[in-house]
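Let me begin by presenting the structure, written as structure tokens, before commenting on it.
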Amino acid sequence: MQNTGRNRFSFIPATVDEQQAMLQKIGLQFDDIVQCFAGNACVEGVGLHLPEGLTEDQMVEAWDAIMSRNSGPMKASLLGAGAYMHFIPAVVPHLASLPGFVTAYTPYQPEVSQGTLQSSFEYQSFMVELTDMELANCSMYDGASSTAEAMLMAHRVNKVDRVLVAATLNPDYLATVRTYLEPQGISVDVVKMDDSGQMSMEDLSSQLSVSACSAVLVQSPNYFGIIENLEAIGTLVHVHNALFVECFTEAMALGLLKYGIGTGADAVVGEGQSLGLPMSFGGPHLGVFATLKKYNREFPGRIVGESIDTKGRTAFVMTLRAREQDIRREKATSNICSNHALNALTAAVYLGSVGELGFRALACENMAKLEKLVRRLETTGRFTRVFKSSATFNEAVLASSIAPEDMRSRLAGVPVFPPLALARGVAPEVPGMPHSYLVCATEMLKDGLLEQVVGALS
């Protein structure tokens, strides 16, 4: 707090005369107010036991001593379920952190924000290609909110107050969908899981026949890492005139698995955290949203397009902004605002750096790493694959004789995050699996580290 002459405290918007007028009104002087707090620990430090102040070099030394007590950085993660540890090339944070990008904000005057608009356009182009859809917005908050927005879009199209969601959906996504839809009077009914760990086609057919719905939501790879039969689901959904929404939590799957128009999807949504974004204590993440052009007027978020200026030069424009800040609130399709543009830029830089063949190779490596880990764990005699007949991507459910507490203890000396225990169940429709784990593997699980994990759990 600095005494500026004009103002006792420079951040208080009142002149000295105004302050004196206020003090005179209440019959006190400034020192009288300070005396009210005499003996207070917050003012005099009584009871706080604060140490003496340190110089900068002393503070660095003390901080290093505290940090040295940590176990060290984790080199890989056996814990997936919506957030995944991948290698990030150095060029990605370097380019994404350039001042011209970091300081840019929502382009309220789009014509003067060509750099920001072009990066968003490139991101959209990548998403259209990866999802095999016709239109993508320039990002949303995260995969869960993007999924919920897709279900709201489907409701705006079909106007039926009911949607169906696979029980194999990530439980956090299911909770978000319910939070968005149920207060608006839209019922969220869950389709059961079959013995293979996939959504039950029999139950889906039954529920579609009982009553109309606006959309059916399916995640693939699903929460248990199992690849769903999207083409068969899409065909059945469209017979009943509902929209088919495909969802993913691991964007790396886009490099290998089939989504979009080829599988009958009306929208493909999910989480883009794997595309160059660190796990970062849980965020921020990146919501991917792609759909068909015929739904552009029901589309949430914003769309950037490519055009030509008056001099014939390539120019980028804000083609559609159906936000509540830009149009009448009752006509808005979303309240998305800053739209995580910097994260979208990061994803675009990442995809541009690894390239098409590199991205496919990474997806294949992730699948192979999981299979190698599962085979090695099964040789110990303490792990068994639960859903043996189903194909998986980079996550799988393993039953084990090792209790969760013992699992954490055994892996304490290995620089990996332990897998997720499924004993509590993921949703009311999917009961718990005692002594079962959702095990994840990415390209970060190098062979030497994999053997450490197997050795610790043998």
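FYI, nothing fancy with the structure tokens labels: chains A, B, ... in order, residues from 1 per chain, ligands from 1 as they appear.
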
Give me the residues within 9 Å of A:Val190 as an mmCIF file with N, CA and C atoms, in the first residue's frame, counting only C-alpha atoms and dropping any in the same chain fewer than 3 places off.
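Written output follows (part.cif):
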data_model
loop_
_atom_site.group_PDB
_atom_site.id
_atom_site.type_symbol
_atom_site.label_atom_id
_atom_site.label_comp_id
_atom_site.auth_asym_id
_atom_site.auth_seq_id
_atom_site.Cartn_x
_atom_site.Cartn_y
_atom_site.Cartn_z
ATOM 1 N N VAL A 163 -33.484 -38.420 -24.303
ATOM 2 C CA VAL A 163 -32.276 -38.879 -24.987
ATOM 3 C C VAL A 163 -31.826 -40.185 -24.359
ATOM 4 N N LEU A 164 -31.071 -40.960 -25.124
ATOM 5 C CA LEU A 164 -30.521 -42.227 -24.630
ATOM 6 C C LEU A 164 -29.004 -42.122 -24.572
ATOM 7 N N VAL A 165 -28.429 -42.634 -23.494
ATOM 8 C CA VAL A 165 -26.986 -42.576 -23.264
ATOM 9 C C VAL A 165 -26.497 -43.964 -22.888
ATOM 10 N N ALA A 166 -25.401 -44.393 -23.484
ATOM 11 C CA ALA A 166 -24.836 -45.712 -23.170
ATOM 12 C C ALA A 166 -24.294 -45.739 -21.745
ATOM 13 N N ALA A 167 -24.527 -46.858 -21.054
ATOM 14 C CA ALA A 167 -24.000 -47.011 -19.698
ATOM 15 C C ALA A 167 -22.482 -47.048 -19.684
ATOM 16 N N GLU A 429 -26.117 -47.867 -13.221
ATOM 17 C CA GLU A 429 -26.414 -48.927 -14.179
ATOM 18 C C GLU A 429 -25.253 -49.886 -14.385
#

Report the residues of stretch 142-290 of chain A whose backbone DSSP state falls under helix (DSSP H, G or I), written as an MDAnalysis selection string.
chainID A and resid 143:158 171:184 201:210 230:239 251:255 260:263 280:282

Using only C-alpha atoms, the residue out of A:Met444, A:Leu320, A:Ala456, A:Val188 with shortest distance to A:Leu362 is A:Met444

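Residue nearest A:Ser400 within the list A:Leu275, A:Ala423, A:Ala175, A:Val157: A:Ala423 [criterion: smallest interatomic distance, only C-alpha atoms].
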
Could you list, as a VMD selection string, every residue within 12 Å of A:Leu174, counting only C-alpha atoms and ignoring same-chain residues fewer than 6 positions away?
chain A and resid 143 to 148 151 163 to 168 180 to 182 188 to 191 217 to 219 223 247 426 to 429

Would you mind telling me which residue in A:Thr103, A:Asn158, A:Ser120, A:Ser77 lies nearest to A:Phe316 when using only C-alpha atoms?
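Among the listed residues, the smallest separation from A:Phe316 belongs to A:Ser120.
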
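Once A:Ala403 and its same-chain neighbours fewer than 5 positions away are set aside, Arg382, Phe383, Arg408, Ser409, Arg410, Pro419, Leu420, Ala421, Leu422, Ala423, Met433, Pro434, His435, Ser436, Tyr437 and Leu457 of chain A remain within 12 Å of it when counting only C-alpha atoms.
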
Could those selected residues go to a file with C-alpha atoms, as a PDB file, in the first residue's frame?
ATOM      1  CA  ARG A 382      -2.306 -62.115 -10.692  1.00  0.00           C
ATOM      2  CA  PHE A 383      -4.229 -60.387 -13.501  1.00  0.00           C
ATOM      3  CA  ARG A 408      -0.623 -48.339  -4.477  1.00  0.00           C
ATOM      4  CA  SER A 409       1.970 -49.606  -2.045  1.00  0.00           C
ATOM      5  CA  ARG A 410       3.622 -51.883  -4.610  1.00  0.00           C
ATOM      6  CA  PRO A 419      -4.449 -47.630 -12.328  1.00  0.00           C
ATOM      7  CA  LEU A 420      -8.041 -46.776 -11.407  1.00  0.00           C
ATOM      8  CA  ALA A 421      -9.837 -49.167  -9.055  1.00  0.00           C
ATOM      9  CA  LEU A 422     -13.395 -49.934 -10.214  1.00  0.00           C
ATOM     10  CA  ALA A 423     -14.743 -51.306  -6.944  1.00  0.00           C
ATOM     11  CA  MET A 433     -16.122 -54.662  -9.946  1.00  0.00           C
ATOM     12  CA  PRO A 434     -14.203 -55.614  -6.761  1.00  0.00           C
ATOM     13  CA  HIS A 435     -10.472 -56.080  -7.301  1.00  0.00           C
ATOM     14  CA  SER A 436     -10.751 -54.827 -10.878  1.00  0.00           C
ATOM     15  CA  TYR A 437      -8.755 -51.989 -12.400  1.00  0.00           C
ATOM     16  CA  LEU A 457       3.102 -56.289  -9.279  1.00  0.00           C
TER      17      LEU A 457
END

Could you go through stretch 247-430 of chain A and tell me which residues DSSP, when run on the backbone, assigns to strand (DSSP E or B), listing them as a PyMOL selection string?
chain A and resi 247-248+267-271+287-291+302-308+314-321+323+334+383-385+392+395-400+416-417+420-421+427+430

Under the rule that only C-alpha atoms are counted, which of A:Leu254, A:Leu79, A:Leu54, A:Met153 is the nearest residue to A:Val397?
A:Leu79

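For the choices A:Phe299, A:Tyr84, A:Phe417, A:Trp63, the atom-to-atom distance to A:Thr333 is smallest for A:Phe299 when using only C-alpha atoms.
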
So the first atom is atom CA of A:Ala65 and the second is atom CA of A:Leu50; what is the distance between them in Å, to one decimal place?
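Here the two named atoms are 18.5 Å from each other.
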